[in-house]
Amino acid sequence: MSKVRIGIIGCGSIGSVHADSYAKVADAEVVAMCDILSEKLKEKAARHNVAKTYENYHDLLADPEIDAVSVCVPNCMHAPIAIDAFKAGKHVMLEKPMTMNANLGRDILAARDASGKVLQMGMVWRQTPEAQVVRKAVEDGKLGEIYQIRVRMIRRRGIPGLGGWFTTKEKSGGGGLIDLAVHFLDLSCWAAGLWNPTKVSAKTYSKFGSKMRDYHYISMWAGPPNYDGVFDVDDYAAGLIRFGSKATLSFEVAWACNSEEESYVELLGDKGGVKIGGTKTILRTEVDGMIADTELFFKRDQDRFVLQLEKFVAAVQGKGDVPATGEQGVILMEILDAIYKSSEEDSEVTI
Ligand SMILES: NC(=O)c1ccc[n+]([C@@H]2O[C@H](COP(=O)([O-])OP(=O)(O)OC[C@H]3O[C@@H](n4cnc5c(N)ncnc54)[C@H](O)[C@@H]3O)[C@@H](O)[C@H]2O)c1
């Protein structure tokens with residue numbers, strides 16, 4: 001089969017990561033890029049050696065020489081663009097978070113189903129070789145029954161694009177929770193095989209970004225800051241998610257807080273426990289009545305974005321299933337909706 005012809009919509013930080021990564025996927029070719037900012041569009045198209053440019057995504061979607069699109073725009077535009085892409089008969093690689101809330105996520109699923117095209121979610125952390133080796137250990141029964149997941153994703157000062165769309169609720173849907181936690185919630189549910197969240201009790205806080213001019217940082221994704229802009233989202237969240245009566249997930253996620261930088265998902269099972277994101281990946285277990293640790297090794301030279309896009313392109317070519325489905329995207333949005341609701345209502349919320 002000939003190469004899958006890709007259009008990238010949104011030429012910001014992650015749009016460039018997609019362009020660089022598709023360049024390493026043998027069966028893909030980026031043929032067009034789109035951004036509403038004409039100078040940025042020209043600069044990125046030149047940098048990534050892409051001939052066609054569009055300032056309006058509708059024009060890119062009308063191009064018959066494009067088979068599939070990567071949607072790399074602010075969160076508020078995920079649903080409109082993904083839905084229009086399906087209507088135009090394109091396959092969709094949709095960046096995380098799926099969209100602003102679960103209802104919009106269901107609208108995307110309906111559009112996908114009506115089109116018969118492929119939808120893959122940008123849940124890229126699953127693609128790390130470390131996550132894959134842990135998932136295999138879970139599938140092989142090495143952890144037994146998983147009853148608790150611990151998530152800690154802490155940035156000391158990691159607010160992206162302060163004052164821009166990332167920190168403006170009507171454009172992002174939320175702060176660190178929807179931006180960062182979604183990766184770790186996905187990694188947790190996928191690695192543990194738990195996709196039945198039932199209740200959430202959580203609290204979100206906004207302690208650093210809201211005092212914009214007093215916010216000190218070392219580097220900023222999607223910066224520089226816009227001090228005339230808006231910060232009306234969360235920069236810290238903690239809570240507990242129940243999966244029926246047999247498993248729980250406790251989480252702490254911060255764009256910014258006065259704690260040690262850390263990022264891990266730890267799975268606790270009755271036969272073994274393992275942490276994704278430490279310096280070593282250790283399966284803590286028992287062997288023949290002895291308490292024992294086994295180090296899990298994995299390749300370190302594989303790029304998660306390239307692996308993700310290889311799977312998307314293969315799915316478009318009918319050579320495999322997408323690794324992260326829209327259905328799972330909606331479940332994650334339901335969890336996020338419930339976390340925000342629980343925080344607002346100061347009570348446990350049933351999903
Ligand atoms: N998978 C990951 O690890 C990861 C990392 C960063 C960002 N993201 C996600 O990628 C998306 C983009 O994030 P970013 O950091 O690249 O943001 P960014 O602000 O750097 O880039 C977004 C780009 O989209 C453009 N844009 C806005 N509206 C548009 C429209 N209607 N049509 C075409 N272009 C439009 C903007 O001009 C901008 O250039 C977000 O949803 C974010 O959550 C994912």
# chains A, B, ... in the order shown; residues from 1 in each chain; ligands from 1
>>> residues_near_ligand(ligand="ligand 1", cutoff="9 Å", atoms="only C-alpha atoms and all ligand atoms", output="VMD selection string")
chain A and resid 8 to 17 33 to 38 40 to 41 54 to 58 71 to 78 80 to 81 94 to 99 122 to 125 160 to 161 164 to 166 172 178 to 180 183 221 to 223 305
>>> select_by_dssp(residues="range 191-313 of chain A", states="strand (DSSP E or B)", output="short mmCIF file (atom, residue, chain, number, x, y, z; two decimals) with C-alpha atoms, in the first residue's frame")
data_model
loop_
_atom_site.label_atom_id
_atom_site.label_comp_id
_atom_site.auth_asym_id
_atom_site.auth_seq_id
_atom_site.Cartn_x
_atom_site.Cartn_y
_atom_site.Cartn_z
CA LYS A 199 -16.62 7.00 42.18
CA VAL A 200 -14.32 9.97 42.65
CA SER A 201 -13.45 12.14 45.62
CA ALA A 202 -11.00 14.91 44.79
CA LYS A 203 -9.93 18.49 45.28
CA THR A 204 -8.25 20.89 42.88
CA TYR A 205 -6.29 24.01 43.86
CA TYR A 236 -2.64 21.11 41.80
CA ALA A 237 -5.09 18.26 42.33
CA ALA A 238 -5.33 15.27 44.66
CA GLY A 239 -7.93 12.59 45.02
CA LEU A 240 -9.14 9.02 45.09
CA ILE A 241 -10.83 7.10 42.28
CA ARG A 242 -12.69 3.87 43.01
CA PHE A 243 -12.98 1.05 40.48
CA ALA A 247 -9.51 -1.33 43.36
CA THR A 248 -8.59 2.30 44.01
CA LEU A 249 -6.29 4.90 42.50
CA SER A 250 -4.89 7.74 44.57
CA PHE A 251 -3.33 10.64 42.73
CA GLU A 252 -1.46 13.86 43.24
CA VAL A 253 -0.81 15.98 40.16
CA ALA A 254 0.84 19.39 40.07
CA ALA A 256 3.40 23.69 40.25
CA GLU A 262 8.52 13.26 40.68
CA SER A 263 6.53 11.35 38.17
CA TYR A 264 5.41 7.78 38.55
CA VAL A 265 2.55 5.31 38.42
CA GLU A 266 2.85 2.45 40.92
CA LEU A 267 0.70 -0.65 40.64
CA LEU A 268 0.15 -2.75 43.76
CA GLY A 269 -1.07 -6.29 43.30
CA GLY A 272 3.65 -8.17 42.87
CA GLY A 273 4.09 -4.44 42.72
CA VAL A 274 5.87 -2.27 40.19
CA LYS A 275 6.54 1.40 39.61
CA ILE A 276 6.62 2.98 36.12
CA ILE A 282 11.58 -3.33 39.80
CA LEU A 283 8.96 -6.03 40.16
CA ARG A 284 8.63 -6.51 43.93
CA THR A 285 7.32 -9.97 44.62
CA GLU A 286 7.93 -13.34 46.31
CA VAL A 287 9.73 -16.31 44.76
CA MET A 290 11.37 -15.56 49.61
CA ILE A 291 10.77 -11.86 49.23
CA ALA A 292 12.47 -10.97 45.96
CA ASP A 293 13.00 -8.12 43.51
CA THR A 294 13.29 -8.64 39.77
CA GLU A 295 14.54 -5.83 37.57
#
>>> residues_around(residues="Ala32 in chain A", least_positions_apart="4", cutoff="8 Å", atoms="only C-alpha atoms", output="PyMOL selection string")
chain A and resi 6-8+45+50-54+60+66
>>> residues_around(residues="Arg304 in chain A", least_positions_apart="6", cutoff="12 Å", atoms="only C-alpha atoms", output="PyMOL selection string")
chain A and resi 17-18+21-22+24+122-132+310-311
>>> write_last_selection(atoms="N, CA and C atoms", output="PDB file, in the first residue's frame")
ATOM      1  N   VAL A  17       6.499  18.136  16.984  1.00  0.00           N
ATOM      2  CA  VAL A  17       6.883  16.780  17.424  1.00  0.00           C
ATOM      3  C   VAL A  17       6.254  15.744  16.483  1.00  0.00           C
ATOM      4  N   HIS A  18       4.999  15.973  16.097  1.00  0.00           N
ATOM      5  CA  HIS A  18       4.352  15.038  15.149  1.00  0.00           C
ATOM      6  C   HIS A  18       5.089  15.046  13.816  1.00  0.00           C
ATOM      7  N   SER A  21       8.283  13.214  14.060  1.00  0.00           N
ATOM      8  CA  SER A  21       8.078  11.775  14.306  1.00  0.00           C
ATOM      9  C   SER A  21       7.567  11.070  13.048  1.00  0.00           C
ATOM     10  N   TYR A  22       6.626  11.702  12.317  1.00  0.00           N
ATOM     11  CA  TYR A  22       6.151  11.086  11.064  1.00  0.00           C
ATOM     12  C   TYR A  22       7.321  10.898  10.095  1.00  0.00           C
ATOM     13  N   LYS A  24      10.013   9.792  10.656  1.00  0.00           N
ATOM     14  CA  LYS A  24      10.701   8.520  10.965  1.00  0.00           C
ATOM     15  C   LYS A  24       9.779   7.316  10.765  1.00  0.00           C
ATOM     16  N   GLY A 122      -4.013  10.450  21.493  1.00  0.00           N
ATOM     17  CA  GLY A 122      -2.584  10.710  21.704  1.00  0.00           C
ATOM     18  C   GLY A 122      -2.097  10.366  23.105  1.00  0.00           C
ATOM     19  N   MET A 123      -2.428   9.166  23.570  1.00  0.00           N
ATOM     20  CA  MET A 123      -1.989   8.761  24.906  1.00  0.00           C
ATOM     21  C   MET A 123      -0.620   8.097  24.790  1.00  0.00           C
ATOM     22  N   VAL A 124       0.367   8.967  24.683  1.00  0.00           N
ATOM     23  CA  VAL A 124       1.687   8.536  24.223  1.00  0.00           C
ATOM     24  C   VAL A 124       2.509   7.825  25.304  1.00  0.00           C
ATOM     25  N   TRP A 125       2.157   8.034  26.570  1.00  0.00           N
ATOM     26  CA  TRP A 125       2.967   7.417  27.633  1.00  0.00           C
ATOM     27  C   TRP A 125       2.862   5.909  27.639  1.00  0.00           C
ATOM     28  N   ARG A 126       1.760   5.384  27.113  1.00  0.00           N
ATOM     29  CA  ARG A 126       1.639   3.922  27.025  1.00  0.00           C
ATOM     30  C   ARG A 126       2.681   3.326  26.109  1.00  0.00           C
ATOM     31  N   GLN A 127       3.175   4.151  25.179  1.00  0.00           N
ATOM     32  CA  GLN A 127       4.070   3.616  24.156  1.00  0.00           C
ATOM     33  C   GLN A 127       5.504   3.481  24.639  1.00  0.00           C
ATOM     34  N   THR A 128       5.808   3.991  25.831  1.00  0.00           N
ATOM     35  CA  THR A 128       7.201   3.855  26.273  1.00  0.00           C
ATOM     36  C   THR A 128       7.503   2.371  26.457  1.00  0.00           C
ATOM     37  N   PRO A 129       8.723   1.958  26.096  1.00  0.00           N
ATOM     38  CA  PRO A 129       9.095   0.549  26.280  1.00  0.00           C
ATOM     39  C   PRO A 129       8.926   0.107  27.734  1.00  0.00           C
ATOM     40  N   GLU A 130       9.145   1.027  28.687  1.00  0.00           N
ATOM     41  CA  GLU A 130       8.967   0.668  30.098  1.00  0.00           C
ATOM     42  C   GLU A 130       7.500   0.313  30.390  1.00  0.00           C
ATOM     43  N   ALA A 131       6.586   1.162  29.895  1.00  0.00           N
ATOM     44  CA  ALA A 131       5.164   0.884  30.123  1.00  0.00           C
ATOM     45  C   ALA A 131       4.759  -0.437  29.468  1.00  0.00           C
ATOM     46  N   GLN A 132       5.299  -0.691  28.293  1.00  0.00           N
ATOM     47  CA  GLN A 132       4.948  -1.923  27.574  1.00  0.00           C
ATOM     48  C   GLN A 132       5.404  -3.163  28.354  1.00  0.00           C
ATOM     49  N   GLU A 310       3.585   5.192  14.325  1.00  0.00           N
ATOM     50  CA  GLU A 310       3.696   3.953  13.529  1.00  0.00           C
ATOM     51  C   GLU A 310       2.418   3.128  13.676  1.00  0.00           C
ATOM     52  N   LYS A 311       1.892   3.075  14.914  1.00  0.00           N
ATOM     53  CA  LYS A 311       0.674   2.284  15.148  1.00  0.00           C
ATOM     54  C   LYS A 311      -0.537   2.941  14.498  1.00  0.00           C
TER      55      LYS A 311
END
>>> closest_residue(among="A:Asp301, A:Ala79, A:Asp270, A:Phe86", to="Asn103 in chain A", atoms="only C-alpha atoms")
A:Ala79
>>> atom_distance(atom1="CA of Pro224 in chain A", atom2="CA of Leu162 in chain A")
7.4 Å
>>> atom_distance(atom1="CA of Thr325 in chain A", atom2="CA of Leu185 in chain A")
14.3 Å
>>> select_by_dssp(residues="range 76-217 of chain A", states="alpha helix (DSSP H)", output="PyMOL selection string")
chain A and resi 78-87+102-115+129-139+169-172+176+182-192
>>> write_last_selection(atoms="C-alpha atoms", output="PDB file, in the first residue's frame")
ATOM      1  CA  HIS A  78     -10.247  19.128  19.366  1.00  0.00           C
ATOM      2  CA  ALA A  79     -13.925  18.214  19.034  1.00  0.00           C
ATOM      3  CA  PRO A  80     -14.901  20.624  16.215  1.00  0.00           C
ATOM      4  CA  ILE A  81     -11.858  19.716  14.100  1.00  0.00           C
ATOM      5  CA  ALA A  82     -12.014  15.953  14.760  1.00  0.00           C
ATOM      6  CA  ILE A  83     -15.743  15.880  13.911  1.00  0.00           C
ATOM      7  CA  ASP A  84     -15.230  17.920  10.729  1.00  0.00           C
ATOM      8  CA  ALA A  85     -12.309  15.664   9.775  1.00  0.00           C
ATOM      9  CA  PHE A  86     -14.475  12.554  10.025  1.00  0.00           C
ATOM     10  CA  LYS A  87     -17.188  14.289   7.979  1.00  0.00           C
ATOM     11  CA  ALA A 102     -17.122  13.543  28.167  1.00  0.00           C
ATOM     12  CA  ASN A 103     -20.181  14.757  26.225  1.00  0.00           C
ATOM     13  CA  LEU A 104     -17.983  16.250  23.491  1.00  0.00           C
ATOM     14  CA  GLY A 105     -15.962  13.026  23.550  1.00  0.00           C
ATOM     15  CA  ARG A 106     -19.138  11.065  22.783  1.00  0.00           C
ATOM     16  CA  ASP A 107     -19.860  13.447  19.878  1.00  0.00           C
ATOM     17  CA  ILE A 108     -16.416  12.612  18.453  1.00  0.00           C
ATOM     18  CA  LEU A 109     -17.140   8.882  18.781  1.00  0.00           C
ATOM     19  CA  ALA A 110     -20.470   9.286  16.971  1.00  0.00           C
ATOM     20  CA  ALA A 111     -18.719  11.126  14.107  1.00  0.00           C
ATOM     21  CA  ARG A 112     -16.055   8.417  13.914  1.00  0.00           C
ATOM     22  CA  ASP A 113     -18.685   5.685  13.799  1.00  0.00           C
ATOM     23  CA  ALA A 114     -20.630   7.476  11.063  1.00  0.00           C
ATOM     24  CA  SER A 115     -17.467   7.809   8.965  1.00  0.00           C
ATOM     25  CA  PRO A 129       9.095   0.549  26.280  1.00  0.00           C
ATOM     26  CA  GLU A 130       8.967   0.668  30.098  1.00  0.00           C
ATOM     27  CA  ALA A 131       5.164   0.884  30.123  1.00  0.00           C
ATOM     28  CA  GLN A 132       4.948  -1.923  27.574  1.00  0.00           C
ATOM     29  CA  VAL A 133       7.118  -4.241  29.687  1.00  0.00           C
ATOM     30  CA  VAL A 134       5.016  -3.510  32.775  1.00  0.00           C
ATOM     31  CA  ARG A 135       1.791  -4.144  30.872  1.00  0.00           C
ATOM     32  CA  LYS A 136       3.207  -7.490  29.759  1.00  0.00           C
ATOM     33  CA  ALA A 137       4.018  -8.387  33.387  1.00  0.00           C
ATOM     34  CA  VAL A 138       0.406  -7.539  34.327  1.00  0.00           C
ATOM     35  CA  GLU A 139      -0.971  -9.612  31.427  1.00  0.00           C
ATOM     36  CA  LYS A 169     -10.551  27.417  31.106  1.00  0.00           C
ATOM     37  CA  GLU A 170     -12.799  28.141  28.152  1.00  0.00           C
ATOM     38  CA  LYS A 171      -9.977  27.120  25.802  1.00  0.00           C
ATOM     39  CA  SER A 172      -8.328  24.311  27.781  1.00  0.00           C
ATOM     40  CA  GLY A 176      -2.731  20.556  35.311  1.00  0.00           C
ATOM     41  CA  VAL A 182      -4.815  12.657  31.759  1.00  0.00           C
ATOM     42  CA  HIS A 183      -1.524  10.987  30.707  1.00  0.00           C
ATOM     43  CA  PHE A 184      -1.087   9.283  34.060  1.00  0.00           C
ATOM     44  CA  LEU A 185      -4.711   8.300  34.475  1.00  0.00           C
ATOM     45  CA  ASP A 186      -4.542   6.708  31.033  1.00  0.00           C
ATOM     46  CA  LEU A 187      -1.263   4.954  31.811  1.00  0.00           C
ATOM     47  CA  SER A 188      -2.772   3.630  35.050  1.00  0.00           C
ATOM     48  CA  CYS A 189      -6.051   2.357  33.596  1.00  0.00           C
ATOM     49  CA  TRP A 190      -4.273   0.791  30.617  1.00  0.00           C
ATOM     50  CA  ALA A 191      -1.400  -0.823  32.547  1.00  0.00           C
ATOM     51  CA  ALA A 192      -3.727  -2.213  35.236  1.00  0.00           C
TER      52      ALA A 192
END
>>> residues_around(residues="Lys117 in chain A", least_positions_apart="6", cutoff="9 Å", atoms="only C-alpha atoms", output="list of chain:residue names")
A:Phe86, A:Gly89, A:Lys90, A:His91, A:Val92, A:Val316
>>> closest_residue(among="A:Gly193, A:Gly277, A:Ala338, A:Ala324", to="Val151 in chain A", atoms="only C-alpha atoms")
A:Gly277
>>> closest_residue(among="A:Met153, A:Leu143, A:Pro64, A:Val31", to="Ser259 in chain A", atoms="only C-alpha atoms")
A:Met153
